[in-house]
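What follows is one structure encoded as C-alpha cells, with my remarks underneath.
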Number of protein chains: 2
Amino acid sequence: METRLSSRGREIVVSGDRPFVIIGERINPTGRKVLAAEMKEGVMDRVRSDAQAQAAAGAHMLDVNAGIPAIDEPALLVAAIRAVMDVTDLPICIDSSIIEALEAGLSAYEGKALVNSVTAEEERMERILPLVKKHGAAVIGMANDETGITMVPEERLALARRIIERAADHGIPQEDVIIDPIAMTVAADPTCGLITLETMRLIRDKLGNNMTCGASNVSFGLPDRPTVNAAFLPLAMHAGLTCAITNPLEGQVRRAILAGDLLLAHDEYAMRWIASFRAEQAVGRAQGAQPKPEAAK
Amino acid sequence: METRLSSRGREIVVSGDRPFVIIGERINPTGRKVLAAEMKEGVMDRVRSDAQAQAAAGAHMLDVNAGIPAIDEPALLVAAIRAVMDVTDLPICIDSSIIEALEAGLSAYEGKALVNSVTAEEERMERILPLVKKHGAAVIGMANDETGITMVPEERLALARRIIERAADHGIPQEDVIIDPIAMTVAADPTCGLITLETMRLIRDKLGNNMTCGASNVSFGLPDRPTVNAAFLPLAMHAGLTCAITNPLEGQVRRAILAGDLLLAHDEYAMRWIASFRAEQAVGRAQGAQPKPEAAK
C-alpha cells in the first residue's frame, strides 16, 4: 500500500516496499523551553533552523506542533507551518490535539498533509475525518479509544480497523490512513515492546496499512534512550513500521534506520549506507575530528 | 528448549526464555597477527588476558580457536583451552575445522563443552557426532552441506533437521544441537539478511532448537560494521537467535544485545540495562571522562 504526501514541490511515498520514511519530530515546543519561549513571542527563527537541520540530516517529512498552553494555537500553528514552508519543501505532518488548530493548519498548508492524529474515539473521528477529507489530506489513526490503550494486540487491530472503516465512510481511501499501533515504555511493563511488535505484524498482515509510531516512547524513563530506540526501530521496521516521528539529528537513531533498511533489503548494494557513512566522514574531517586509533589486534 | 553447558565450576543455560548468551569470539588467531605470533611461540599471555577481558565485558562463554596454518593444532588448541581454564570458569566453545583438534580439545576440557561445529556433510557428521557423544558435549550444527549454502530458508531448515536427526542416531539429545542458520553479508546480496531471519523463524517454529550465528558476517565488506551488527542482533533475537559468537568488547554490540533483551521482555524492570549503564558510567568516571554538555533545547 502506498501513501502519498506532498508539499508544493515534492511528493514522498510511504510504502513497505520502499526505504523507511523519517518524520522529523523537533518542531514541537513540548519539553523545549527555548523553542517554546521564542514561538510564544512569534519568533520563528528556531523553527526555520530546526526545519533546515532536520532536512539536512535526512528527514523526509517534518512534524509541526505548536502546542503551548494558553496560546492562540491555531494562529501559532499556521505561523509555524508557514515558516517551515519558507525554508524547505518537505511535506508536513500537522500535529495538534486541538481540532481548530488542525483546521487552520490544513487551510494554510499547500500540498497534501498528514494530520497527526485521530483516535478511534467517536467524537474525534466525527470531527477530524471530515476535515481530512475536505482538504484531501492523509491522517494518522491511533489505535486507542475512549477506554484508553488496550494491551491486547487483537484489540488494537480492531480499533485500527474501526478508524479505517470510518475514514472510508467519509470518503478517505484506506491508503490515506497511517496507523499508529502505539509504543509504550518497557520500563514499566517488560512486555510492552512485544505487544507493539505483535500489533504491527497483525496490522500489516490483516490490513496492510502503512504504520508510524512515536518510537522513542519505548525507552521512556530509562538511561541511554538512543540505544534502546536504535534497537527498537529495526525490529519495528521488520514488523511493518514504514515511517516514524523521530529525531534525525540523533545519529544513533538515523543510523539504525539506515541499517534497518540495509538489512531488510531496502538498500541495494548498500548504496545509501555507504553514502551516509561517507557524508559523516566528510563532516568529521571538516570538524577536525581525528581518526580513532586501531585497537591492538 | 534448554541447552546446558558447563565448566568445572559453572553451568550456563541457553534458552529462548532467558537472556541472550554471548560467546566471546576474540580467542581466535584468524586476522589477529599479534595473537597468532604469540600463540605460535606457545605464549598464552594474550589468550589469558583476552579471556579475562571478555569475561569482564559480559561474555557468558568463550570460543577458543587455534587455527594457525602449518602448526600442531591439536596441541595448540589444548594449550589455549588450558590457559583459558586457568583464568576463568566460563564454559568453552571448542572451535576447529580439524577433527583431531576437536578431539584433543574435548579430552582436555573439564566440563560440558560446545563443539564448533558440524555441518550436514555426511563425512563430517559421521566423524564429529561420535566425538560429541563420547565426551557428553553439545554441538553447533551449521545449515549447509556438500553442495554449499542454499539461499532457500526451507532448505536450510531441512539441513538443520538432518543434523538433529543424525545427532539423535548417535545418542545426542535434540537440546544439545545448537543450529547455526548462517548469516551472510548484505553487501553482496541485499536479501541475505531476510533469508537468515526467515530461516531462524522456521527453525524456531518447526524445530525449537537453540540457535547461534556469526552475527558480524552480515556486515562483511561494509563501513561502520558495529552499527550494522548492532541493528541485526535484536532482529535475530526476535526471530529466535538465543546465543551468538561475537565480541563483547565492542560496546555497541554488547549494548544492542542488552537492548534486545530489554525490548523482548527478558529484562524485567530493566534491571540489567540500568546496571550495565551504571557500570559504564563508573568506568567512564574512573577514566576521567567528562559528562556530555546538554544540547540546547
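Following the order of the C-alpha cells, chains are lettered A, B, ..., residues in each are numbered from 1, and ligands are numbered from 1.
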
Could you produce a table of the residues of chain B lying within 8 Å of chain A, with the nearest pair of atoms per residue and their separation in Å rounded to one decimal, using only C-alpha atoms, ordered by chain and increasing residue number, as CSV?
```
residue,atom,partner,partner_atom,distance
B:Gly31,CA,A:Lys297,CA,7.9
B:Arg32,CA,A:Lys297,CA,5.0
B:Lys33,CA,A:Lys297,CA,6.6
B:Val34,CA,A:Lys297,CA,6.1
B:Leu35,CA,A:Lys297,CA,7.0
B:Val186,CA,A:Leu263,CA,6.5
B:Ala187,CA,A:Tyr269,CA,5.6
B:Ala188,CA,A:Tyr269,CA,6.6
B:Asp189,CA,A:Tyr269,CA,7.3
B:Pro190,CA,A:Ala265,CA,4.7
B:Thr191,CA,A:Ala265,CA,5.2
B:Cys192,CA,A:Leu263,CA,7.8
B:Gly193,CA,A:Leu263,CA,5.2
B:Leu194,CA,A:Leu264,CA,5.9
B:Leu222,CA,A:Ile274,CA,7.5
B:Pro223,CA,A:Ile274,CA,6.8
B:Asp224,CA,A:Phe277,CA,7.4
B:Thr227,CA,A:Ala256,CA,7.1
B:Val228,CA,A:Ala259,CA,5.4
B:Ala230,CA,A:Ala231,CA,7.4
B:Ala231,CA,A:Ala231,CA,6.1
B:Phe232,CA,A:Leu263,CA,7.1
B:Pro234,CA,A:Ala231,CA,6.3
B:Leu235,CA,A:Leu235,CA,5.4
B:His238,CA,A:Leu235,CA,7.7
B:Arg255,CA,A:Thr227,CA,7.3
B:Ala256,CA,A:Ala231,CA,6.1
B:Ala259,CA,A:Val228,CA,5.4
B:Gly260,CA,A:Ala231,CA,6.5
B:Leu262,CA,A:Pro190,CA,7.0
B:Leu263,CA,A:Gly193,CA,5.2
B:Leu264,CA,A:Leu194,CA,5.9
B:Ala265,CA,A:Pro190,CA,4.7
B:His266,CA,A:Pro190,CA,7.5
B:Asp267,CA,A:Pro190,CA,6.9
B:Glu268,CA,A:Pro190,CA,5.6
B:Tyr269,CA,A:Ala187,CA,5.6
B:Ala270,CA,A:Ala187,CA,5.9
B:Ile274,CA,A:Pro223,CA,6.8
B:Phe277,CA,A:Pro223,CA,7.0
B:Ala296,CA,A:Val34,CA,7.9
B:Lys297,CA,A:Arg32,CA,4.9
```

Dump of C-alpha atoms for the selected residues, as a PDB file, in the first residue's frame:
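Final output, saved to result11.pdb:
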```pdb
ATOM      1  CA  GLY B  31      43.156 -11.970  11.288  1.00  0.00           C
ATOM      2  CA  ARG B  32      44.965 -11.204  14.566  1.00  0.00           C
ATOM      3  CA  LYS B  33      48.666 -11.115  13.735  1.00  0.00           C
ATOM      4  CA  VAL B  34      49.996 -10.357  17.213  1.00  0.00           C
ATOM      5  CA  LEU B  35      47.900 -13.068  18.850  1.00  0.00           C
ATOM      6  CA  VAL B 186      24.070  -7.909   2.753  1.00  0.00           C
ATOM      7  CA  ALA B 187      26.776  -6.089   0.790  1.00  0.00           C
ATOM      8  CA  ALA B 188      26.699  -8.688  -1.989  1.00  0.00           C
ATOM      9  CA  ASP B 189      23.025  -9.686  -1.901  1.00  0.00           C
ATOM     10  CA  PRO B 190      20.527  -7.379  -0.164  1.00  0.00           C
ATOM     11  CA  THR B 191      18.186 -10.304   0.637  1.00  0.00           C
ATOM     12  CA  CYS B 192      20.781 -12.182   2.742  1.00  0.00           C
ATOM     13  CA  GLY B 193      19.548 -10.638   5.985  1.00  0.00           C
ATOM     14  CA  LEU B 194      15.902 -11.502   5.320  1.00  0.00           C
ATOM     15  CA  LEU B 222      30.764  -2.605   4.662  1.00  0.00           C
ATOM     16  CA  PRO B 223      31.808   0.520   6.558  1.00  0.00           C
ATOM     17  CA  ASP B 224      30.728   1.024  10.194  1.00  0.00           C
ATOM     18  CA  THR B 227      26.266  -0.354  13.744  1.00  0.00           C
ATOM     19  CA  VAL B 228      25.021  -2.905  11.191  1.00  0.00           C
ATOM     20  CA  ALA B 230      24.028  -3.878  16.412  1.00  0.00           C
ATOM     21  CA  ALA B 231      20.902  -3.461  14.253  1.00  0.00           C
ATOM     22  CA  PHE B 232      20.951  -7.103  13.182  1.00  0.00           C
ATOM     23  CA  PRO B 234      17.860  -7.593  18.074  1.00  0.00           C
ATOM     24  CA  LEU B 235      16.215  -8.616  14.760  1.00  0.00           C
ATOM     25  CA  HIS B 238      13.313 -11.677  17.868  1.00  0.00           C
ATOM     26  CA  ARG B 255      24.565  -2.736  24.304  1.00  0.00           C
ATOM     27  CA  ALA B 256      22.456  -3.876  21.325  1.00  0.00           C
ATOM     28  CA  ALA B 259      18.623  -3.562  24.497  1.00  0.00           C
ATOM     29  CA  GLY B 260      17.304  -6.594  22.607  1.00  0.00           C
ATOM     30  CA  LEU B 262      15.057  -5.397  27.305  1.00  0.00           C
ATOM     31  CA  LEU B 263      12.701  -4.928  24.338  1.00  0.00           C
ATOM     32  CA  LEU B 264      11.911  -8.644  24.076  1.00  0.00           C
ATOM     33  CA  ALA B 265      10.852  -8.955  27.741  1.00  0.00           C
ATOM     34  CA  HIS B 266      13.974 -10.702  29.038  1.00  0.00           C
ATOM     35  CA  ASP B 267      14.965  -7.907  31.397  1.00  0.00           C
ATOM     36  CA  GLU B 268      12.258  -7.217  33.946  1.00  0.00           C
ATOM     37  CA  TYR B 269      12.227  -3.683  35.370  1.00  0.00           C
ATOM     38  CA  ALA B 270      15.225  -3.048  33.070  1.00  0.00           C
ATOM     39  CA  ILE B 274      20.305   0.001  34.223  1.00  0.00           C
ATOM     40  CA  PHE B 277      24.597   1.701  32.224  1.00  0.00           C
ATOM     41  CA  ALA B 296      20.266  23.438  23.701  1.00  0.00           C
ATOM     42  CA  LYS B 297      16.605  22.531  23.956  1.00  0.00           C
TER      43      LYS B 297
END
```

DSSP-assigned strand (DSSP E) members of segment 208-266 of chain A, reported as a ChimeraX atom specification: /A:243-246

For atom CA of Asn144 of chain A and atom CA of Leu76 of chain A, the interatomic separation in Å (one decimal): 27.8 Å

List the spatial neighbours of Leu90 of chain A as a tab-separated table (two decimals) with N, CA and C atoms, in the first residue's frame - criterion: any atom at most 7 Å away, only C-alpha atoms, same-chain residues fewer than 4 positions off excluded.
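Ended up saving to part-v7.tsv:
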```
chain	number	residue	atom	x	y	z
A	7	SER	N	4.33	18.40	-0.69
A	7	SER	CA	4.42	19.84	-0.46
A	7	SER	C	4.11	20.49	-1.82
A	10	ARG	N	7.25	18.79	-3.86
A	10	ARG	CA	7.83	17.48	-3.67
A	10	ARG	C	6.76	16.48	-3.23
A	60	HIS	N	12.48	13.08	5.82
A	60	HIS	CA	11.71	13.08	4.58
A	60	HIS	C	10.44	13.92	4.71
A	61	MET	N	9.99	14.11	5.94
A	61	MET	CA	8.85	14.95	6.25
A	61	MET	C	9.17	15.64	7.57
A	62	LEU	N	8.35	16.67	7.90
A	62	LEU	CA	8.54	17.35	9.18
A	62	LEU	C	7.22	17.43	9.93
```

Backbone-only DSSP, helix (DSSP H, G or I) members of segment 30-213 of chain B, as a PyMOL selection string: chain B and resi 33-40+45-56+73-87+99-108+122-134+153-169+174-176+192-206

Surrounding residues of Gly240 of chain B excluding itself and chain neighbours under 6 positions, 10 Å, only C-alpha atoms, as a VMD selection string: chain B and resid 15 to 16 197 to 205 208 to 212 234

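Of the residues under consideration (B:Ile178, B:Val13, B:Ala183, B:Ile92), B:Ile178 shows the shortest atom-to-atom contact distance to Leu207 of chain B when counting only C-alpha atoms.
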
Gap from atom CA of Glu122 of chain A to atom CA of Asp145 of chain A - Å, one decimal: 7.9 Å
